[in-house]
Amino acid sequence: YRFICCSFASAAIWQYESLKSRVQSYFDEIRADWLDKLRPQKRGDVRKEINQWWNSLSEGQRTVTGIIAANAVVFCCWRIPSLQRHMIRYFTSNPASKTLCSPMLLSTFSHFSFFHMAANMYVLWSFSSSAVSMLGREQFMAVYLSAGVVSTFFSYLCKTLSGRLGPSLGASGAIMAVLAAVCTKMPEAKLAIIFLPMFTFTASNALKAIVAMDTAGLVLGWKFFDHAAHLGGAMFGIWYILFGHELIWKNRDPFVKLWHDLRTRGGPGGGGERGGSA
């Protein structure tokens, strides 16, 4: 609960600071474009090509690039023998472990199998544009991180109740929350499987099928996926779209106003310029 509060509080501050600096950034970009026209253009300028590629991405794709990079770094760390003990302790979630709290988040960025990571990151990339367009990058990050912790907690709970203890890792729970949020918000959207693009189905039916499969996996004790984490993430995504957005995000104004007072006046009661919340 505390982590979720901190995630959304940080997202609100991030949004405030982003909006505040946007005007300055706009003028900086105008000046940079003007200077670029005066400078002779270099052929094969790698930095310029990278900037062009970056600017061609949607805001959602740019937002999840950092998440994908973090997952790739953690994946590489699994390949270092001297780190194995620390990776198992901090980057796998297991209710039988002595370390319970930090793995609830860190395991969300952890994959041992390249195929597992590639599949998860592909799904995240595919839904990133819709999710960030719907929520905004700050709210999206708060939902993603919170969903990772909630899905791991649900996994802990189900493993403890069933007695099927064991380690889990992967971003599937957080990604399920993103997928569920998009499907709940846009139930009539058409989706397709990458290898079978000729077969399409609605987002609502896709979500029902995924939830049904994970429920069956949880009840029957399938061990290929952490079905409890999938269900926890999906339920959090559905809950957030139906209730959480109104309950949490739309009630952030008092906190943002407090941050605004601290930011612009040096604290409540100080002198300075007043303004509305972002």
# chains A, B, ... in the order shown; residues from 1 in each chain; ligands from 1

$ select_by_dssp --residues "region 12-242 of chain A" --states "strand (DSSP E or B)" --output "PyMOL selection string"
chain A and resi 93+168+190-193+196-202

$ closest_atom_pairs --of "region 137-253 of chain A" --to "region 54-72 of chain A" --cutoff "10 Å" --atoms "only C-alpha atoms" --output "tab-separated table"
residue	atom	partner	partner_atom	distance
A:Arg137	CA	A:Thr63	CA	6.4
A:Glu138	CA	A:Thr63	CA	9.1
A:Phe140	CA	A:Thr63	CA	8.8
A:Met141	CA	A:Thr63	CA	8.3
A:Tyr144	CA	A:Ile67	CA	9.9
A:Gly170	CA	A:Asn71	CA	9.0
A:Ala171	CA	A:Asn71	CA	8.6

$ write_last_selection --atoms "N, CA and C atoms" --output "CSV table (one decimal), in the first residue's frame"
chain,number,residue,atom,x,y,z
A,137,ARG,N,2.3,9.3,-19.6
A,137,ARG,CA,3.5,8.5,-19.2
A,137,ARG,C,3.7,8.4,-17.7
A,138,GLU,N,3.3,9.5,-16.9
A,138,GLU,CA,3.6,9.5,-15.5
A,138,GLU,C,2.6,8.5,-14.8
A,140,PHE,N,1.0,6.1,-16.3
A,140,PHE,CA,1.4,4.7,-16.8
A,140,PHE,C,2.5,4.1,-15.9
A,141,MET,N,3.5,4.9,-15.6
A,141,MET,CA,4.6,4.3,-14.9
A,141,MET,C,4.2,3.9,-13.4
A,144,TYR,N,2.2,0.7,-13.8
A,144,TYR,CA,3.1,-0.4,-14.1
A,144,TYR,C,3.8,-0.9,-12.9
A,170,GLY,N,9.8,-12.2,-13.6
A,170,GLY,CA,9.3,-11.8,-14.9
A,170,GLY,C,8.3,-10.7,-14.7
A,171,ALA,N,8.1,-10.0,-15.9
A,171,ALA,CA,7.3,-8.8,-15.9
A,171,ALA,C,5.9,-9.1,-16.3

$ select_by_dssp --residues "region 42-143 of chain A" --states "helix (DSSP H, G or I)" --output "number ranges by chain"
A: 46-56, 59-77, 81-90, 102-109, 114-135, 137-143

$ closest_residue --among "A:Val123, A:Leu106, A:Ala96, A:Leu258" --to "Gly163 (chain A)" --atoms "only C-alpha atoms"
A:Ala96

$ atom_distance --atom1 "CA of Leu124 (chain A)" --atom2 "CA of Lys20 (chain A)"
28.8 Å

$ atom_distance --atom1 "CA of Ala234 (chain A)" --atom2 "CA of Met176 (chain A)"
5.1 Å

$ closest_residue --among "A:Ser21, A:Asn205, A:Thr160, A:Thr184" --to "Ser97 (chain A)" --atoms "only C-alpha atoms"
A:Thr160

$ atom_distance --atom1 "CA of Lys159 (chain A)" --atom2 "CA of Asn94 (chain A)"
8.7 Å

$ residues_around --residues "region 75-78 of chain A" --least-positions-apart "6" --cutoff "12 Å" --atoms "only C-alpha atoms" --output "JSON, numbers by chain"
{"A": [68, 69, 84, 85, 86, 87, 88, 89, 90, 91, 92, 106, 107, 108, 109, 110, 111, 112, 113, 114, 115, 116, 117, 118, 169, 170, 171]}

$ write_last_selection --atoms "N, CA and C atoms" --output "compact mmCIF listing (two decimals), in the first residue's frame"
# COMPACT_ATOMS: atom_id res chain seq x y z
N ILE A 68 12.38 -1.59 -20.91
CA ILE A 68 13.01 -2.67 -21.69
C ILE A 68 14.52 -2.70 -21.44
N ALA A 69 15.14 -1.52 -21.38
CA ALA A 69 16.58 -1.45 -21.12
C ALA A 69 16.91 -2.02 -19.74
N GLN A 84 25.07 -14.70 -9.10
CA GLN A 84 23.94 -15.62 -9.05
C GLN A 84 23.22 -15.62 -7.70
N ARG A 85 23.98 -15.66 -6.62
CA ARG A 85 23.36 -15.72 -5.31
C ARG A 85 22.52 -14.47 -5.03
N HIS A 86 23.05 -13.30 -5.40
CA HIS A 86 22.33 -12.05 -5.19
C HIS A 86 21.11 -11.96 -6.12
N MET A 87 21.25 -12.46 -7.34
CA MET A 87 20.12 -12.43 -8.27
C MET A 87 18.96 -13.28 -7.76
N ILE A 88 19.29 -14.46 -7.24
CA ILE A 88 18.25 -15.35 -6.71
C ILE A 88 17.58 -14.71 -5.49
N ARG A 89 18.36 -14.05 -4.66
CA ARG A 89 17.81 -13.48 -3.43
C ARG A 89 16.94 -12.25 -3.69
N TYR A 90 17.41 -11.37 -4.60
CA TYR A 90 16.73 -10.09 -4.78
C TYR A 90 15.87 -9.99 -6.05
N PHE A 91 16.15 -10.82 -7.04
CA PHE A 91 15.45 -10.69 -8.32
C PHE A 91 14.54 -11.87 -8.63
N THR A 92 14.25 -12.70 -7.65
CA THR A 92 13.19 -13.70 -7.75
C THR A 92 12.28 -13.54 -6.53
N LEU A 106 11.71 -5.81 -7.74
CA LEU A 106 12.86 -6.14 -8.58
C LEU A 106 12.60 -7.35 -9.48
N SER A 107 11.82 -8.32 -9.01
CA SER A 107 11.54 -9.50 -9.84
C SER A 107 10.73 -9.14 -11.07
N THR A 108 10.06 -7.97 -11.03
CA THR A 108 9.28 -7.51 -12.19
C THR A 108 10.19 -7.16 -13.36
N PHE A 109 11.46 -6.89 -13.09
CA PHE A 109 12.42 -6.53 -14.14
C PHE A 109 13.38 -7.69 -14.44
N SER A 110 13.05 -8.87 -13.98
CA SER A 110 13.99 -9.99 -14.02
C SER A 110 13.49 -11.12 -14.91
N HIS A 111 14.35 -11.56 -15.84
CA HIS A 111 14.07 -12.71 -16.70
C HIS A 111 15.35 -13.53 -16.84
N PHE A 112 15.23 -14.84 -16.69
CA PHE A 112 16.39 -15.71 -16.89
C PHE A 112 16.43 -16.23 -18.32
N SER A 113 15.27 -16.46 -18.90
CA SER A 113 15.18 -16.96 -20.28
C SER A 113 15.05 -15.79 -21.26
N PHE A 114 15.81 -15.83 -22.33
CA PHE A 114 15.73 -14.76 -23.34
C PHE A 114 14.36 -14.77 -24.00
N PHE A 115 13.80 -15.96 -24.27
CA PHE A 115 12.49 -16.03 -24.92
C PHE A 115 11.42 -15.42 -24.02
N HIS A 116 11.51 -15.69 -22.72
CA HIS A 116 10.55 -15.13 -21.76
C HIS A 116 10.62 -13.61 -21.78
N MET A 117 11.83 -13.07 -21.75
CA MET A 117 11.99 -11.62 -21.77
C MET A 117 11.51 -11.03 -23.09
N ALA A 118 11.89 -11.65 -24.21
CA ALA A 118 11.52 -11.13 -25.53
C ALA A 118 10.00 -11.11 -25.70
N LEU A 169 9.74 -15.08 -11.36
CA LEU A 169 10.34 -13.85 -11.86
C LEU A 169 9.69 -13.50 -13.19
N GLY A 170 9.82 -12.25 -13.58
CA GLY A 170 9.27 -11.83 -14.87
C GLY A 170 8.32 -10.65 -14.74
N ALA A 171 8.15 -9.96 -15.87
CA ALA A 171 7.31 -8.76 -15.92
C ALA A 171 5.86 -9.07 -16.26

$ residues_around --residues "Ser126 (chain A)" --least-positions-apart "2" --cutoff "12 Å" --atoms "only C-alpha atoms" --output "PyMOL selection string"
chain A and resi 58+60-61+64-65+119-124+128-132+175+178-179+182+191-194

$ decode --residues "region 152-186 of chain A" --atoms "N, CA and C atoms" --output "mmCIF file, in the first residue's frame"
data_model
loop_
_atom_site.group_PDB
_atom_site.id
_atom_site.type_symbol
_atom_site.label_atom_id
_atom_site.label_comp_id
_atom_site.auth_asym_id
_atom_site.auth_seq_id
_atom_site.Cartn_x
_atom_site.Cartn_y
_atom_site.Cartn_z
ATOM 1 N N THR A 152 2.914 -9.534 -7.510
ATOM 2 C CA THR A 152 3.809 -10.368 -6.704
ATOM 3 C C THR A 152 3.180 -10.695 -5.353
ATOM 4 N N PHE A 153 2.512 -9.712 -4.750
ATOM 5 C CA PHE A 153 1.834 -9.964 -3.477
ATOM 6 C C PHE A 153 0.760 -11.033 -3.643
ATOM 7 N N PHE A 154 0.000 -10.949 -4.742
ATOM 8 C CA PHE A 154 -1.027 -11.954 -5.003
ATOM 9 C C PHE A 154 -0.398 -13.326 -5.199
ATOM 10 N N SER A 155 0.763 -13.362 -5.835
ATOM 11 C CA SER A 155 1.492 -14.619 -6.017
ATOM 12 C C SER A 155 1.935 -15.177 -4.671
ATOM 13 N N TYR A 156 2.485 -14.310 -3.805
ATOM 14 C CA TYR A 156 2.870 -14.731 -2.461
ATOM 15 C C TYR A 156 1.688 -15.358 -1.726
ATOM 16 N N LEU A 157 0.553 -14.666 -1.791
ATOM 17 C CA LEU A 157 -0.634 -15.098 -1.062
ATOM 18 C C LEU A 157 -1.108 -16.476 -1.534
ATOM 19 N N CYS A 158 -1.216 -16.644 -2.860
ATOM 20 C CA CYS A 158 -1.707 -17.916 -3.403
ATOM 21 C C CYS A 158 -0.729 -19.052 -3.145
ATOM 22 N N LYS A 159 0.567 -18.779 -3.253
ATOM 23 C CA LYS A 159 1.566 -19.822 -2.985
ATOM 24 C C LYS A 159 1.530 -20.258 -1.525
ATOM 25 N N THR A 160 1.373 -19.289 -0.634
ATOM 26 C CA THR A 160 1.343 -19.614 0.795
ATOM 27 C C THR A 160 0.104 -20.425 1.143
ATOM 28 N N LEU A 161 -1.049 -20.032 0.590
ATOM 29 C CA LEU A 161 -2.298 -20.738 0.883
ATOM 30 C C LEU A 161 -2.306 -22.151 0.302
ATOM 31 N N SER A 162 -1.695 -22.311 -0.873
ATOM 32 C CA SER A 162 -1.700 -23.625 -1.525
ATOM 33 C C SER A 162 -0.538 -24.505 -1.078
ATOM 34 N N GLY A 163 0.473 -23.911 -0.476
ATOM 35 C CA GLY A 163 1.644 -24.668 -0.071
ATOM 36 C C GLY A 163 2.596 -24.962 -1.203
ATOM 37 N N ARG A 164 2.342 -24.390 -2.387
ATOM 38 C CA ARG A 164 3.225 -24.601 -3.549
ATOM 39 C C ARG A 164 4.246 -23.477 -3.598
ATOM 40 N N LEU A 165 5.218 -23.534 -2.710
ATOM 41 C CA LEU A 165 6.217 -22.476 -2.623
ATOM 42 C C LEU A 165 7.279 -22.665 -3.700
ATOM 43 N N GLY A 166 7.821 -21.560 -4.148
ATOM 44 C CA GLY A 166 8.858 -21.616 -5.174
ATOM 45 C C GLY A 166 9.115 -20.236 -5.738
ATOM 46 N N PRO A 167 10.265 -20.058 -6.377
ATOM 47 C CA PRO A 167 10.618 -18.730 -6.909
ATOM 48 C C PRO A 167 9.896 -18.406 -8.214
ATOM 49 N N SER A 168 9.641 -17.135 -8.427
ATOM 50 C CA SER A 168 9.059 -16.644 -9.681
ATOM 51 C C SER A 168 9.788 -15.381 -10.090
ATOM 52 N N LEU A 169 9.739 -15.082 -11.358
ATOM 53 C CA LEU A 169 10.337 -13.847 -11.862
ATOM 54 C C LEU A 169 9.687 -13.498 -13.190
ATOM 55 N N GLY A 170 9.816 -12.248 -13.580
ATOM 56 C CA GLY A 170 9.269 -11.829 -14.865
ATOM 57 C C GLY A 170 8.325 -10.651 -14.744
ATOM 58 N N ALA A 171 8.148 -9.962 -15.866
ATOM 59 C CA ALA A 171 7.311 -8.764 -15.918
ATOM 60 C C ALA A 171 5.862 -9.071 -16.257
ATOM 61 N N SER A 172 5.502 -10.349 -16.329
ATOM 62 C CA SER A 172 4.174 -10.729 -16.822
ATOM 63 C C SER A 172 3.044 -10.118 -16.011
ATOM 64 N N GLY A 173 3.180 -10.072 -14.686
ATOM 65 C CA GLY A 173 2.114 -9.531 -13.856
ATOM 66 C C GLY A 173 1.851 -8.066 -14.141
ATOM 67 N N ALA A 174 2.931 -7.268 -14.233
ATOM 68 C CA ALA A 174 2.779 -5.842 -14.533
ATOM 69 C C ALA A 174 2.239 -5.644 -15.949
ATOM 70 N N ILE A 175 2.720 -6.443 -16.895
ATOM 71 C CA ILE A 175 2.258 -6.320 -18.276
ATOM 72 C C ILE A 175 0.796 -6.735 -18.399
ATOM 73 N N MET A 176 0.384 -7.726 -17.607
ATOM 74 C CA MET A 176 -1.025 -8.120 -17.610
ATOM 75 C C MET A 176 -1.907 -6.965 -17.151
ATOM 76 N N ALA A 177 -1.416 -6.162 -16.211
ATOM 77 C CA ALA A 177 -2.188 -5.004 -15.764
ATOM 78 C C ALA A 177 -2.349 -3.998 -16.894
ATOM 79 N N VAL A 178 -1.280 -3.769 -17.664
ATOM 80 C CA VAL A 178 -1.346 -2.855 -18.803
ATOM 81 C C VAL A 178 -2.318 -3.388 -19.845
ATOM 82 N N LEU A 179 -2.191 -4.674 -20.162
ATOM 83 C CA LEU A 179 -3.078 -5.286 -21.148
ATOM 84 C C LEU A 179 -4.538 -5.216 -20.685
ATOM 85 N N ALA A 180 -4.774 -5.543 -19.418
ATOM 86 C CA ALA A 180 -6.139 -5.530 -18.885
ATOM 87 C C ALA A 180 -6.709 -4.121 -18.870
ATOM 88 N N ALA A 181 -5.870 -3.138 -18.556
ATOM 89 C CA ALA A 181 -6.335 -1.750 -18.532
ATOM 90 C C ALA A 181 -6.772 -1.301 -19.927
ATOM 91 N N VAL A 182 -5.952 -1.613 -20.938
ATOM 92 C CA VAL A 182 -6.283 -1.229 -22.312
ATOM 93 C C VAL A 182 -7.542 -1.955 -22.781
ATOM 94 N N CYS A 183 -7.629 -3.251 -22.504
ATOM 95 C CA CYS A 183 -8.790 -4.034 -22.939
ATOM 96 C C CYS A 183 -10.065 -3.590 -22.231
ATOM 97 N N THR A 184 -9.950 -3.158 -20.979
ATOM 98 C CA THR A 184 -11.122 -2.689 -20.240
ATOM 99 C C THR A 184 -11.575 -1.330 -20.751
ATOM 100 N N LYS A 185 -10.612 -0.481 -21.072
ATOM 101 C CA LYS A 185 -10.941 0.856 -21.569
ATOM 102 C C LYS A 185 -11.438 0.828 -23.003
ATOM 103 N N MET A 186 -10.895 -0.074 -23.808
ATOM 104 C CA MET A 186 -11.268 -0.164 -25.222
ATOM 105 C C MET A 186 -11.691 -1.594 -25.560
#
